[in-house]
Every structure is written in C-alpha cells, then in structure tokens.
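Data first, discussion second: the structure below is written as structure tokens.
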Amino acid sequence: MLAARTTLRLGGRALAEVVLTDMEDARDLSETLGRLGGRPLVLGGGSNILAADGELPLTVVSPNLRGEPETLRERFAGKVRVRVLAGVKLQRLVAWLATQGLSGLRGLIGVPGTVGGAVVGNAGSYGDAMGGVLARVCLWTPETGAAWLDREAFSTAYRRFSPKGVVGFYLVLAAEIDCEPREPVAIRQEMVACLSKKKASQPITAATAGCVFKNPPGAPAWKLLTEAGFKGKRLGDMAFSEKHANFMINCGKGTGGEALSLLQAAREAVLAQSGYELEPEVRIVP
C-alpha cells in the first residue's frame with residue numbers, strides 16, 4: 001500500500017515493488033519491469049507524492065541505495081566535491097555536510113525525502129537548491145543503462161531537473177555535488193535559524209507532502225490560496241494547513257479522492273480570485 005510509504009499517508013495498492021540495494025541491481029531492471037508490467041514509479045522517501053486510492057497500475061521502484069557520503073580527493077574551482085547515493089536521506093546528507101564544514105544545502109534542513117528525489121525535484125529552501133550544487137548525476141534509463149552525466153548533459157530550474165535527450169522513465173542512482181568549505185559552527189548556526197523559521201511557519205510535524213503548488217511568477221502560492229479562502233479549508237480528513245496555506249495535511253483518515261477534490265477546488269478558486277493558474281508541485285499518481 002502506498003499509504004504506508006508516502007508522507008501524506010495516501011495511496012492504494014501497487015502491482016509490485018522492485019528494490020535496488022546496489023547500483024549493479026539496475027543492470028536487470030528493464031527485464032524485471034517488462035516482466036512485472038504496469039507503469040514504473042520511483043519511490044524514495046515518499047514525499048511530494050499524492051497517490052490515488054484503490055488498485056493502481058504501478059510497479060514501485062525503490063532505489064534503496066545507501067551509504068556514507070564520500071568526499072572526493074579532487075577539488076573543483078576551490079570547492080569540495082561529494083558523491084552520495086540516491087537512497088540516502090536528504091537530512092542525513094545535510095547534517096553530514098555541516099559536520100564536514102561544507103556549505104551549499106544548509107537551507108534544506110527539515111526537507112523530507114531522499115537525495116534522488118531532491119535531484120529530480122530540484123529541492124530548494126531559503127536560498128539553497130540542489131540544482132545550485134549539482135555537478136554530476138548517475139542516471140539509469142532503459143536505453144542506456146547506468147551512466148554518469150556531466151553538468152552540460154542536464155539543466156535545472158525551479159523545481160525541475162531535465163536530462164538532455166531523455167524521454168520517459170529514468171532513475172537517479174547517485175549524484176555528485178560541489179560545496180563551499182566554511183566553518184562548521186557557522187553552518188550549524190544558519191541551519192538552526194532556518195529550522196526555527198520553518199517550525200514557526202510550516203506544519204513540518206504533520207502528515208504532509210510538502211508544498212502542494214509551485215509559486216507562479218510574482219506571487220507566492222500560499223498568499224493566493226489564503227486570499228481565495230483556502231487557509232484551513234477542509235474536505236473530509238484532508239485540509240490545507242492553518243499555519244501555511246500551501247501545505248495539505250492528512251488529518252487522520254484522509255483519502256486520495258478527498259485530496260484530489262480539495263486540490264482541484266483550490267485551483268479553481270485561485271483562478272477565479274486572482275487569475276493565476278496554479279501548477280501542482282506534488283506529483284499526482286498514477
């Protein structure tokens with residue numbers, strides 16, 4: 001059940017699950033997916049996912065690739081390059097970088113999910129974003145298998161990662177990031193300040209998938225939702241947070257149907273109120 005695997009605690013039953021515990025496991029992934037059928041869905045930490053109820057035509061691919069981040073010997077333009085596997089929890093990486101005196105992702109403190117998901121969604125917060133430090137990505141596709149892509153082979157933008165020439169399903173196996181050496185104490189102090197701000201303004205301890213909508217140019221989504229009357233708006237056991245209108249919360253026994261209906265009602269209300277057409281930041285599956 002996806003409900004047990006997603007931070008929003010929603011989702012029905014997938015057809016099957018393929019778990020990768022080593023990068024070499026991807027070698028037979030095409031054959032395995034072809035045999036199992038269904039549409040592949042990569043599921044790491046389960047954040048940023050709004051899954052439907054019922055029987056789902058999906059095969060879950062879980063890149064359970066973990067291990068200690070590795071500092072490479074080479075330095076690039078005065079920065080330190082770090083290699084990390086896709087299944088490592090993003091918060092584990094953020095904390096590890098701080099202990100090493102490496103800056104670049106301190107604003108992502110408190111952001112859930114895994115490194116792979118952070119790459120694909122170009123996770124960002126308080127001025128830091130994965131795309132800002134990303135140097136190389138090890139990507140698996142059915143056509144090429146596993147291969148390292150240099151920065152010239154992909155682009156990043158707001159909540160977007162685009163590998164050039166790749167169409168359809170792909171899987172992040174590992175990433176290399178370039179970080180600025182700084183005093184560990186200073187980095188930790190900034191992390192504490194960022195986390196304090198998030199605790200005061202976001203429902204980070206609730207069952208959420210993170211921000212529901214992307215911010216359109218010139219207007220924060222939370223403000224548009226608030227002005228449209230959706231701050232605290234509830235449907236069944238799903239609700240927009242009283243603390244931050246762009247966070248949807250599962251209040252206990254919410255369903256995917258309730259979440260989708262509430263999301264669509266919010267989009268329609270914001271469009272009528274302000275003329276902005278909100279684009280979901282959460283991934284709606286299937």
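Labels used: A, B, ... for chains in the order of the structure tokens, numbers from 1 for residues in each chain, and numbers from 1 for ligands as shown.
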With only C-alpha atoms as the counted atoms, please give the residues lying no more than 7 Å from Cys138 (chain A), apart from itself and same-chain residues fewer than 5 positions off, as a PDB file with C-alpha atoms, in the first residue's frame.
```pdb
ATOM      1  CA  ALA A 146      23.581   3.471 -15.922  1.00  0.00           C
ATOM      2  CA  ALA A 147      25.803   6.382 -16.959  1.00  0.00           C
ATOM      3  CA  TRP A 148      27.272   9.493 -15.361  1.00  0.00           C
ATOM      4  CA  LEU A 149      26.033  12.793 -16.825  1.00  0.00           C
ATOM      5  CA  VAL A 172      18.738   8.590 -10.348  1.00  0.00           C
ATOM      6  CA  LEU A 173      21.312   6.247  -8.808  1.00  0.00           C
ATOM      7  CA  ALA A 174      23.839   8.717  -7.368  1.00  0.00           C
ATOM      8  CA  ALA A 175      24.899  12.348  -7.505  1.00  0.00           C
TER       9      ALA A 175
END
```
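The protein and nucleic acid residues lying at most 10 Å from Met191 (chain A) are A:Val94, A:Ala95, A:Ala98, A:Leu105, A:Arg106, A:Gly107, A:Leu108, A:Ile109, A:Gly110, A:Val185, A:Ala186, A:Ser196, A:Lys197, with only C-alpha atoms considered and sequence neighbours fewer than 5 positions away removed.
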- Selection: 12 Å around Gly275 (chain A), only C-alpha atoms, excl. self and same-chain fewer than 3 positions, as an MDAnalysis selection string: chainID A and resid 216 219 224 228 267:272 278
- Message: List as a ChimeraX atom specification the protein and nucleic acid residues near Phe76 (chain A), meaning an atom at most 10 Å away when only C-alpha atoms are counted, but skip any in the same chain fewer than 3 places from it.
- Response: /A:73,79-81,135,178-179
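For the set A:Glu31, A:Glu277, A:Asp22, A:Glu152, the residue with the smallest atom-to-atom gap to Gly87 (chain A) is A:Asp22, counting only C-alpha atoms.
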- Task: Considering only C-alpha atoms, return as a PyMOL selection string whatever protein or nucleic-acid residues lie within 6 Å of Val115 (chain A), sequence-local ones (same chain, fewer than 6 positions apart) excluded.
- Result: chain A and resi 86+88+90
Taking all heavy atoms for each residue, export the selection above as a PDB file, in the first residue's frame.
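Output contents, as saved in part_26.pdb:
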```pdb
ATOM      1  N   ALA A  86      21.653   7.739  -4.167  1.00  0.00           N
ATOM      2  CA  ALA A  86      20.315   8.317  -4.287  1.00  0.00           C
ATOM      3  C   ALA A  86      19.399   7.985  -3.119  1.00  0.00           C
ATOM      4  O   ALA A  86      18.492   8.752  -2.800  1.00  0.00           O
ATOM      5  CB  ALA A  86      19.668   7.848  -5.591  1.00  0.00           C
ATOM      6  N   VAL A  88      20.116   7.801   0.063  1.00  0.00           N
ATOM      7  CA  VAL A  88      20.474   8.460   1.324  1.00  0.00           C
ATOM      8  C   VAL A  88      19.422   9.518   1.648  1.00  0.00           C
ATOM      9  O   VAL A  88      19.004  10.288   0.785  1.00  0.00           O
ATOM     10  CB  VAL A  88      21.868   9.105   1.227  1.00  0.00           C
ATOM     11  CG1 VAL A  88      22.176   9.941   2.462  1.00  0.00           C
ATOM     12  CG2 VAL A  88      22.922   8.030   1.021  1.00  0.00           C
ATOM     13  N   LEU A  90      17.824  12.856   2.599  1.00  0.00           N
ATOM     14  CA  LEU A  90      18.329  14.207   2.367  1.00  0.00           C
ATOM     15  C   LEU A  90      18.812  14.842   3.665  1.00  0.00           C
ATOM     16  O   LEU A  90      19.850  15.516   3.677  1.00  0.00           O
ATOM     17  CB  LEU A  90      17.230  15.068   1.738  1.00  0.00           C
ATOM     18  CG  LEU A  90      17.607  16.520   1.423  1.00  0.00           C
ATOM     19  CD1 LEU A  90      18.790  16.591   0.463  1.00  0.00           C
ATOM     20  CD2 LEU A  90      16.404  17.260   0.845  1.00  0.00           C
TER      21      LEU A  90
END
```
- Task: Determine which residues of region 112-195 of chain A receive a DSSP assignment of strand (DSSP E or B), computed from the backbone, and state them as a PyMOL selection string.
- Result: chain A and resi 114+124-125+128-129+134-141+145-150+154-157+160-163+171-181
- Task: Return as a PyMOL selection string the full set of residues in region 132-252 of chain A whose backbone-based DSSP assignment is alpha helix (DSSP H).
- Result: chain A and resi 132-133+184-201+221-227
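Compared by their closest atoms to Asp150 (chain A), and using only C-alpha atoms, the residues A:Pro163, A:Gly254, A:Gly236, A:Gly218 rank with A:Pro163 nearest.
One distance worth recording is that between CA of Leu65 (chain A) and CA of Gly121 (chain A), which is 18.2 Å.
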